[in-house]
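Colleague: So that you have it, the file is structure_35.pdb, and it contains PDB, N, CA and C atoms:
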```
MODEL        1
ATOM      1  N   MET A   1     -10.999   7.389  -7.374
ATOM      2  CA  MET A   1     -10.101   6.474  -6.724
ATOM      3  C   MET A   1      -8.756   6.559  -7.447
ATOM      4  N   SER A   2      -7.700   6.763  -6.667
ATOM      5  CA  SER A   2      -6.372   6.791  -7.264
ATOM      6  C   SER A   2      -5.481   5.791  -6.536
ATOM      7  N   PHE A   3      -4.405   5.432  -7.214
ATOM      8  CA  PHE A   3      -3.481   4.457  -6.673
ATOM      9  C   PHE A   3      -2.091   5.055  -6.583
ATOM     10  N   SER A   4      -1.313   4.527  -5.651
ATOM     11  CA  SER A   4       0.038   5.007  -5.426
ATOM     12  C   SER A   4       0.952   3.793  -5.310
ATOM     13  N   LYS A   5       2.166   3.911  -5.851
ATOM     14  CA  LYS A   5       3.153   2.841  -5.740
ATOM     15  C   LYS A   5       4.280   3.308  -4.828
ATOM     16  N   SER A   6       4.820   2.389  -4.065
ATOM     17  CA  SER A   6       5.939   2.682  -3.174
ATOM     18  C   SER A   6       6.960   1.557  -3.305
ATOM     19  N   TYR A   7       8.212   1.917  -3.635
ATOM     20  CA  TYR A   7       9.278   0.936  -3.816
ATOM     21  C   TYR A   7      10.144   0.876  -2.565
ATOM     22  N   ASN A   8      10.345  -0.324  -2.027
ATOM     23  CA  ASN A   8      11.199  -0.543  -0.869
ATOM     24  C   ASN A   8      12.582  -0.959  -1.367
ATOM     25  N   LYS A   9      13.587  -0.111  -1.163
ATOM     26  CA  LYS A   9      14.937  -0.380  -1.665
ATOM     27  C   LYS A   9      15.592  -1.551  -0.958
ATOM     28  N   ASN A  10      15.281  -1.760   0.312
ATOM     29  CA  ASN A  10      15.910  -2.836   1.083
ATOM     30  C   ASN A  10      15.473  -4.221   0.614
ATOM     31  N   THR A  11      14.175  -4.378   0.326
ATOM     32  CA  THR A  11      13.655  -5.682  -0.069
ATOM     33  C   THR A  11      13.476  -5.809  -1.575
ATOM     34  N   GLY A  12      13.426  -4.682  -2.285
ATOM     35  CA  GLY A  12      13.223  -4.702  -3.732
ATOM     36  C   GLY A  12      11.783  -4.972  -4.134
ATOM     37  N   VAL A  13      10.848  -4.703  -3.242
ATOM     38  CA  VAL A  13       9.431  -4.970  -3.490
ATOM     39  C   VAL A  13       8.703  -3.641  -3.712
ATOM     40  N   THR A  14       7.804  -3.634  -4.704
ATOM     41  CA  THR A  14       6.976  -2.463  -4.958
ATOM     42  C   THR A  14       5.568  -2.748  -4.448
ATOM     43  N   TYR A  15       5.086  -1.898  -3.544
ATOM     44  CA  TYR A  15       3.756  -2.046  -2.966
ATOM     45  C   TYR A  15       2.780  -1.092  -3.647
ATOM     46  N   VAL A  16       1.517  -1.499  -3.733
ATOM     47  CA  VAL A  16       0.469  -0.689  -4.346
ATOM     48  C   VAL A  16      -0.542  -0.318  -3.273
ATOM     49  N   TYR A  17      -0.871   0.980  -3.208
ATOM     50  CA  TYR A  17      -1.809   1.500  -2.224
ATOM     51  C   TYR A  17      -2.965   2.195  -2.926
ATOM     52  N   GLU A  18      -4.149   2.149  -2.321
ATOM     53  CA  GLU A  18      -5.288   2.948  -2.760
ATOM     54  C   GLU A  18      -5.311   4.201  -1.889
ATOM     55  N   VAL A  19      -5.307   5.366  -2.533
ATOM     56  CA  VAL A  19      -5.325   6.626  -1.796
ATOM     57  C   VAL A  19      -6.778   6.941  -1.455
ATOM     58  N   LEU A  20      -7.072   6.999  -0.162
ATOM     59  CA  LEU A  20      -8.436   7.238   0.295
ATOM     60  C   LEU A  20      -8.723   8.721   0.477
ATOM     61  N   GLU A  21      -7.723   9.467   0.958
ATOM     62  CA  GLU A  21      -7.962  10.866   1.300
ATOM     63  C   GLU A  21      -6.643  11.641   1.241
ATOM     64  N   ASN A  22      -6.692  12.838   0.664
ATOM     65  CA  ASN A  22      -5.561  13.762   0.664
ATOM     66  C   ASN A  22      -5.928  14.952   1.520
ATOM     67  N   LYS A  23      -5.037  15.331   2.425
ATOM     68  CA  LYS A  23      -5.279  16.494   3.277
ATOM     69  C   LYS A  23      -4.000  17.301   3.405
ATOM     70  N   TRP A  24      -4.149  18.604   3.599
ATOM     71  CA  TRP A  24      -3.019  19.469   3.872
ATOM     72  C   TRP A  24      -2.874  19.598   5.382
ATOM     73  N   ASP A  25      -1.672  19.309   5.896
ATOM     74  CA  ASP A  25      -1.396  19.431   7.319
ATOM     75  C   ASP A  25      -0.729  20.786   7.554
ATOM     76  N   PRO A  26      -1.446  21.743   8.159
ATOM     77  CA  PRO A  26      -0.871  23.075   8.340
ATOM     78  C   PRO A  26       0.296  23.110   9.331
ATOM     79  N   VAL A  27       0.358  22.157  10.245
ATOM     80  CA  VAL A  27       1.446  22.121  11.222
ATOM     81  C   VAL A  27       2.741  21.652  10.545
ATOM     82  N   LYS A  28       2.649  20.551   9.801
ATOM     83  CA  LYS A  28       3.826  20.012   9.116
ATOM     84  C   LYS A  28       4.101  20.715   7.797
ATOM     85  N   LYS A  29       3.102  21.452   7.296
ATOM     86  CA  LYS A  29       3.178  22.188   6.034
ATOM     87  C   LYS A  29       3.505  21.262   4.862
ATOM     88  N   ARG A  30       2.740  20.175   4.792
ATOM     89  CA  ARG A  30       2.877  19.239   3.681
ATOM     90  C   ARG A  30       1.588  18.443   3.546
ATOM     91  N   ALA A  31       1.438  17.765   2.424
ATOM     92  CA  ALA A  31       0.264  16.943   2.179
ATOM     93  C   ALA A  31       0.393  15.618   2.924
ATOM     94  N   VAL A  32      -0.719  15.147   3.456
ATOM     95  CA  VAL A  32      -0.766  13.870   4.166
ATOM     96  C   VAL A  32      -1.806  13.004   3.468
ATOM     97  N   ASN A  33      -1.411  11.786   3.118
ATOM     98  CA  ASN A  33      -2.306  10.864   2.431
ATOM     99  C   ASN A  33      -2.770   9.779   3.383
ATOM    100  N   LYS A  34      -4.059   9.475   3.335
ATOM    101  CA  LYS A  34      -4.581   8.315   4.031
ATOM    102  C   LYS A  34      -4.737   7.251   2.963
ATOM    103  N   ARG A  35      -4.060   6.116   3.133
ATOM    104  CA  ARG A  35      -4.058   5.109   2.088
ATOM    105  C   ARG A  35      -4.208   3.714   2.657
ATOM    106  N   LYS A  36      -4.610   2.788   1.780
ATOM    107  CA  LYS A  36      -4.883   1.405   2.170
ATOM    108  C   LYS A  36      -4.047   0.488   1.274
ATOM    109  N   LEU A  37      -3.349  -0.464   1.885
ATOM    110  CA  LEU A  37      -2.511  -1.392   1.134
ATOM    111  C   LEU A  37      -3.376  -2.351   0.332
ATOM    112  N   ILE A  38      -3.081  -2.467  -0.962
ATOM    113  CA  ILE A  38      -3.805  -3.393  -1.839
ATOM    114  C   ILE A  38      -2.996  -4.679  -2.014
ATOM    115  N   GLY A  39      -1.701  -4.526  -2.297
ATOM    116  CA  GLY A  39      -0.855  -5.691  -2.505
ATOM    117  C   GLY A  39       0.508  -5.274  -2.993
ATOM    118  N   LYS A  40       1.236  -6.219  -3.570
ATOM    119  CA  LYS A  40       2.543  -5.902  -4.126
ATOM    120  C   LYS A  40       2.604  -6.374  -5.567
ATOM    121  N   ILE A  41       3.529  -5.794  -6.318
ATOM    122  CA  ILE A  41       3.657  -6.108  -7.738
ATOM    123  C   ILE A  41       4.605  -7.284  -7.910
ATOM    124  N   ASP A  42       4.161  -8.291  -8.663
ATOM    125  CA  ASP A  42       4.992  -9.451  -8.986
ATOM    126  C   ASP A  42       6.012  -9.016 -10.033
ATOM    127  N   PRO A  43       7.316  -9.153  -9.756
ATOM    128  CA  PRO A  43       8.319  -8.659 -10.705
ATOM    129  C   PRO A  43       8.341  -9.410 -12.034
ATOM    130  N   GLU A  44       7.901 -10.667 -12.053
ATOM    131  CA  GLU A  44       7.925 -11.451 -13.291
ATOM    132  C   GLU A  44       6.775 -11.096 -14.217
ATOM    133  N   THR A  45       5.564 -10.980 -13.666
ATOM    134  CA  THR A  45       4.388 -10.736 -14.503
ATOM    135  C   THR A  45       3.976  -9.275 -14.535
ATOM    136  N   GLY A  46       4.344  -8.506 -13.510
ATOM    137  CA  GLY A  46       3.946  -7.100 -13.450
ATOM    138  C   GLY A  46       2.541  -6.901 -12.934
ATOM    139  N   LYS A  47       1.887  -7.964 -12.464
ATOM    140  CA  LYS A  47       0.526  -7.867 -11.939
ATOM    141  C   LYS A  47       0.555  -7.680 -10.421
ATOM    142  N   VAL A  48      -0.546  -7.145  -9.905
ATOM    143  CA  VAL A  48      -0.667  -6.914  -8.469
ATOM    144  C   VAL A  48      -1.087  -8.203  -7.776
ATOM    145  N   VAL A  49      -0.331  -8.594  -6.750
ATOM    146  CA  VAL A  49      -0.647  -9.769  -5.936
ATOM    147  C   VAL A  49      -1.253  -9.258  -4.641
ATOM    148  N   PRO A  50      -2.538  -9.543  -4.369
ATOM    149  CA  PRO A  50      -3.168  -9.029  -3.154
ATOM    150  C   PRO A  50      -2.542  -9.615  -1.896
ATOM    151  N   THR A  51      -2.488  -8.794  -0.851
ATOM    152  CA  THR A  51      -2.011  -9.260   0.441
ATOM    153  C   THR A  51      -3.206  -9.710   1.264
ATOM    154  N   ARG A  52      -2.948 -10.592   2.228
ATOM    155  CA  ARG A  52      -4.057 -11.063   3.046
ATOM    156  C   ARG A  52      -4.391 -10.030   4.106
ATOM    157  N   LYS A  53      -5.599 -10.100   4.618
ATOM    158  CA  LYS A  53      -6.057  -9.161   5.623
ATOM    159  C   LYS A  53      -5.388  -9.434   6.956
ATOM    160  N   LYS A  54      -5.205  -8.390   7.760
ATOM    161  CA  LYS A  54      -4.595  -8.542   9.079
ATOM    162  C   LYS A  54      -5.503  -9.357   9.987
ATOM    163  N   GLY A  55      -4.912 -10.222  10.793
ATOM    164  CA  GLY A  55      -5.675 -11.001  11.752
ATOM    165  C   GLY A  55      -6.240 -12.284  11.188
ATOM    166  N   VAL A  56      -6.085 -12.523   9.898
ATOM    167  CA  VAL A  56      -6.593 -13.747   9.292
ATOM    168  C   VAL A  56      -5.408 -14.645   9.002
ATOM    169  N   SER A  57      -5.384 -15.801   9.622
ATOM    170  CA  SER A  57      -4.261 -16.710   9.410
ATOM    171  C   SER A  57      -4.585 -17.706   8.295
ATOM    172  N   VAL A  58      -3.562 -18.181   7.642
ATOM    173  CA  VAL A  58      -3.738 -19.148   6.560
ATOM    174  C   VAL A  58      -4.169 -20.491   7.119
ATOM    175  N   LYS A  59      -3.698 -20.838   8.311
ATOM    176  CA  LYS A  59      -4.027 -22.135   8.913
ATOM    177  C   LYS A  59      -5.503 -22.256   9.247
ATOM    178  N   SER A  60      -6.170 -21.138   9.563
ATOM    179  CA  SER A  60      -7.575 -21.196   9.941
ATOM    180  C   SER A  60      -8.510 -21.168   8.736
ATOM    181  N   GLY A  61      -7.935 -21.284   7.531
ATOM    182  CA  GLY A  61      -8.782 -21.312   6.343
ATOM    183  C   GLY A  61      -9.114 -19.915   5.847
ATOM    184  N   GLY A  62      -8.299 -18.936   6.201
ATOM    185  CA  GLY A  62      -8.531 -17.561   5.770
ATOM    186  C   GLY A  62      -8.050 -17.324   4.348
ATOM    187  N   ILE A  63      -8.039 -16.095   3.967
ATOM    188  CA  ILE A  63      -7.615 -15.708   2.621
ATOM    189  C   ILE A  63      -6.108 -15.821   2.521
ATOM    190  N   CYS A  64      -5.619 -16.406   1.441
ATOM    191  CA  CYS A  64      -4.174 -16.559   1.229
ATOM    192  C   CYS A  64      -3.582 -15.316   0.636
TER     193      CYS A  64
ENDMDL
END
```
Before anything else, please render the file you have as C-alpha cells.
Modeller:
Amino acid sequence: MSFSKSYNKNTGVTYVYEVLENKWDPVKKRAVNKRKLIGKIDPETGKVVPTRKKGVSVKSGGIC
C-alpha cells in the first residue's frame, strides 16, 4: 500500500490518496494511477483529517 499527496494551489489544501493500482496506458504513453481519497492534511498539526464518504450527510447522523 502506498500513499500519494496532491497540493491544490488555488485552495492551499494538500490531499492524501491511497494508490490502489498503477498501470501503463499504451495509448497515452504514460502511467495511470487508480487512487482513493483518504483525507486532507491539517496545516497546523500536519495530521491527516479524514473526509466523509460520498452520499452520507451529516444531518442524517453519518460520519463527520
Colleague: Please, what distance in Å, to one decimal, runs between atom C of Val32 in chain A and atom N of Gly46 in chain A?
Modeller: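 Going from atom C of Val32 in chain A over to atom N of Gly46 in chain A, I get 28.1 Å.
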Colleague: Report the distance between CA of Ser4 in chain A and CA of Leu20 in chain A in Å, rounded to one decimal place.
Modeller: 10.5 Å
Colleague: Could you please determine the separation between CA of Pro50 in chain A and CA of Asn8 in chain A in Å, to one decimal place?
Modeller: 16.8 Å
Colleague: So that I can check the surroundings of Ile38 in chain A, please list as a PyMOL selection string every protein, DNA and RNA residue that reaches within 7 Å of it, counting only C-alpha atoms and ignoring chain neighbours fewer than 4 positions away.
Modeller: chain A and resi 16-18+50-51
Colleague: How would you write, as a VMD selection string, the residues chosen by the PyMOL selection byres ((chain A and resi 14) around 7) on this structure?
Modeller: chain A and resid 5 to 8 11 to 13 15 to 16 39 to 41
Colleague: For the residues in that selection, give me N, CA and C atoms as a PDB file, in the coordinates of the input.
Modeller:
```
ATOM      1  N   LYS A   5       2.166   3.911  -5.851  1.00  0.00           N
ATOM      2  CA  LYS A   5       3.153   2.841  -5.740  1.00  0.00           C
ATOM      3  C   LYS A   5       4.280   3.308  -4.828  1.00  0.00           C
ATOM      4  N   SER A   6       4.820   2.389  -4.065  1.00  0.00           N
ATOM      5  CA  SER A   6       5.939   2.682  -3.174  1.00  0.00           C
ATOM      6  C   SER A   6       6.960   1.557  -3.305  1.00  0.00           C
ATOM      7  N   TYR A   7       8.212   1.917  -3.635  1.00  0.00           N
ATOM      8  CA  TYR A   7       9.278   0.936  -3.816  1.00  0.00           C
ATOM      9  C   TYR A   7      10.144   0.876  -2.565  1.00  0.00           C
ATOM     10  N   ASN A   8      10.345  -0.324  -2.027  1.00  0.00           N
ATOM     11  CA  ASN A   8      11.199  -0.543  -0.869  1.00  0.00           C
ATOM     12  C   ASN A   8      12.582  -0.959  -1.367  1.00  0.00           C
ATOM     13  N   THR A  11      14.175  -4.378   0.326  1.00  0.00           N
ATOM     14  CA  THR A  11      13.655  -5.682  -0.069  1.00  0.00           C
ATOM     15  C   THR A  11      13.476  -5.809  -1.575  1.00  0.00           C
ATOM     16  N   GLY A  12      13.426  -4.682  -2.285  1.00  0.00           N
ATOM     17  CA  GLY A  12      13.223  -4.702  -3.732  1.00  0.00           C
ATOM     18  C   GLY A  12      11.783  -4.972  -4.134  1.00  0.00           C
ATOM     19  N   VAL A  13      10.848  -4.703  -3.242  1.00  0.00           N
ATOM     20  CA  VAL A  13       9.431  -4.970  -3.490  1.00  0.00           C
ATOM     21  C   VAL A  13       8.703  -3.641  -3.712  1.00  0.00           C
ATOM     22  N   TYR A  15       5.086  -1.898  -3.544  1.00  0.00           N
ATOM     23  CA  TYR A  15       3.756  -2.046  -2.966  1.00  0.00           C
ATOM     24  C   TYR A  15       2.780  -1.092  -3.647  1.00  0.00           C
ATOM     25  N   VAL A  16       1.517  -1.499  -3.733  1.00  0.00           N
ATOM     26  CA  VAL A  16       0.469  -0.689  -4.346  1.00  0.00           C
ATOM     27  C   VAL A  16      -0.542  -0.318  -3.273  1.00  0.00           C
ATOM     28  N   GLY A  39      -1.701  -4.526  -2.297  1.00  0.00           N
ATOM     29  CA  GLY A  39      -0.855  -5.691  -2.505  1.00  0.00           C
ATOM     30  C   GLY A  39       0.508  -5.274  -2.993  1.00  0.00           C
ATOM     31  N   LYS A  40       1.236  -6.219  -3.570  1.00  0.00           N
ATOM     32  CA  LYS A  40       2.543  -5.902  -4.126  1.00  0.00           C
ATOM     33  C   LYS A  40       2.604  -6.374  -5.567  1.00  0.00           C
ATOM     34  N   ILE A  41       3.529  -5.794  -6.318  1.00  0.00           N
ATOM     35  CA  ILE A  41       3.657  -6.108  -7.738  1.00  0.00           C
ATOM     36  C   ILE A  41       4.605  -7.284  -7.910  1.00  0.00           C
TER      37      ILE A  41
END
```
Colleague: Name every residue that the PyMOL selection byres (((chain A and resi 22 and name CA) around 12) and name CA) selects in this structure, writing the answer as a list of chain:residue names with chains first and numbers rising.
Modeller: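 So the PyMOL selection byres (((chain A and resi 22 and name CA) around 12) and name CA) ends up selecting A:Met1, A:Ser2, A:Glu18, A:Val19, A:Leu20, A:Glu21, A:Lys23, A:Trp24, A:Asp25, A:Arg30, A:Ala31, A:Val32, A:Asn33, A:Lys34, A:Arg35.
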Colleague: Taking the DSSP secondary structure from the backbone, can you list the residues of chain A that are strand (DSSP E), as a ChimeraX atom specification?
Modeller: /A:2-8,13-25,30-41,48-50
Colleague: Go ahead and write the residues just picked, N, CA and C atoms, as a compact mmCIF listing (two decimals), in the frame of the given file.
Modeller:
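The resulting file, again19.txt, is reproduced below:
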```
# COMPACT_ATOMS: atom_id res chain seq x y z
N SER A 2 -7.70 6.76 -6.67
CA SER A 2 -6.37 6.79 -7.26
C SER A 2 -5.48 5.79 -6.54
N PHE A 3 -4.40 5.43 -7.21
CA PHE A 3 -3.48 4.46 -6.67
C PHE A 3 -2.09 5.06 -6.58
N SER A 4 -1.31 4.53 -5.65
CA SER A 4 0.04 5.01 -5.43
C SER A 4 0.95 3.79 -5.31
N LYS A 5 2.17 3.91 -5.85
CA LYS A 5 3.15 2.84 -5.74
C LYS A 5 4.28 3.31 -4.83
N SER A 6 4.82 2.39 -4.07
CA SER A 6 5.94 2.68 -3.17
C SER A 6 6.96 1.56 -3.30
N TYR A 7 8.21 1.92 -3.64
CA TYR A 7 9.28 0.94 -3.82
C TYR A 7 10.14 0.88 -2.56
N ASN A 8 10.34 -0.32 -2.03
CA ASN A 8 11.20 -0.54 -0.87
C ASN A 8 12.58 -0.96 -1.37
N VAL A 13 10.85 -4.70 -3.24
CA VAL A 13 9.43 -4.97 -3.49
C VAL A 13 8.70 -3.64 -3.71
N THR A 14 7.80 -3.63 -4.70
CA THR A 14 6.98 -2.46 -4.96
C THR A 14 5.57 -2.75 -4.45
N TYR A 15 5.09 -1.90 -3.54
CA TYR A 15 3.76 -2.05 -2.97
C TYR A 15 2.78 -1.09 -3.65
N VAL A 16 1.52 -1.50 -3.73
CA VAL A 16 0.47 -0.69 -4.35
C VAL A 16 -0.54 -0.32 -3.27
N TYR A 17 -0.87 0.98 -3.21
CA TYR A 17 -1.81 1.50 -2.22
C TYR A 17 -2.96 2.19 -2.93
N GLU A 18 -4.15 2.15 -2.32
CA GLU A 18 -5.29 2.95 -2.76
C GLU A 18 -5.31 4.20 -1.89
N VAL A 19 -5.31 5.37 -2.53
CA VAL A 19 -5.32 6.63 -1.80
C VAL A 19 -6.78 6.94 -1.46
N LEU A 20 -7.07 7.00 -0.16
CA LEU A 20 -8.44 7.24 0.30
C LEU A 20 -8.72 8.72 0.48
N GLU A 21 -7.72 9.47 0.96
CA GLU A 21 -7.96 10.87 1.30
C GLU A 21 -6.64 11.64 1.24
N ASN A 22 -6.69 12.84 0.66
CA ASN A 22 -5.56 13.76 0.66
C ASN A 22 -5.93 14.95 1.52
N LYS A 23 -5.04 15.33 2.42
CA LYS A 23 -5.28 16.49 3.28
C LYS A 23 -4.00 17.30 3.40
N TRP A 24 -4.15 18.60 3.60
CA TRP A 24 -3.02 19.47 3.87
C TRP A 24 -2.87 19.60 5.38
N ASP A 25 -1.67 19.31 5.90
CA ASP A 25 -1.40 19.43 7.32
C ASP A 25 -0.73 20.79 7.55
N ARG A 30 2.74 20.18 4.79
CA ARG A 30 2.88 19.24 3.68
C ARG A 30 1.59 18.44 3.55
N ALA A 31 1.44 17.76 2.42
CA ALA A 31 0.26 16.94 2.18
C ALA A 31 0.39 15.62 2.92
N VAL A 32 -0.72 15.15 3.46
CA VAL A 32 -0.77 13.87 4.17
C VAL A 32 -1.81 13.00 3.47
N ASN A 33 -1.41 11.79 3.12
CA ASN A 33 -2.31 10.86 2.43
C ASN A 33 -2.77 9.78 3.38
N LYS A 34 -4.06 9.48 3.34
CA LYS A 34 -4.58 8.32 4.03
C LYS A 34 -4.74 7.25 2.96
N ARG A 35 -4.06 6.12 3.13
CA ARG A 35 -4.06 5.11 2.09
C ARG A 35 -4.21 3.71 2.66
N LYS A 36 -4.61 2.79 1.78
CA LYS A 36 -4.88 1.40 2.17
C LYS A 36 -4.05 0.49 1.27
N LEU A 37 -3.35 -0.46 1.88
CA LEU A 37 -2.51 -1.39 1.13
C LEU A 37 -3.38 -2.35 0.33
N ILE A 38 -3.08 -2.47 -0.96
CA ILE A 38 -3.80 -3.39 -1.84
C ILE A 38 -3.00 -4.68 -2.01
N GLY A 39 -1.70 -4.53 -2.30
CA GLY A 39 -0.86 -5.69 -2.50
C GLY A 39 0.51 -5.27 -2.99
N LYS A 40 1.24 -6.22 -3.57
CA LYS A 40 2.54 -5.90 -4.13
C LYS A 40 2.60 -6.37 -5.57
N ILE A 41 3.53 -5.79 -6.32
CA ILE A 41 3.66 -6.11 -7.74
C ILE A 41 4.61 -7.28 -7.91
N VAL A 48 -0.55 -7.14 -9.90
CA VAL A 48 -0.67 -6.91 -8.47
C VAL A 48 -1.09 -8.20 -7.78
N VAL A 49 -0.33 -8.59 -6.75
CA VAL A 49 -0.65 -9.77 -5.94
C VAL A 49 -1.25 -9.26 -4.64
N PRO A 50 -2.54 -9.54 -4.37
CA PRO A 50 -3.17 -9.03 -3.15
C PRO A 50 -2.54 -9.62 -1.90
```
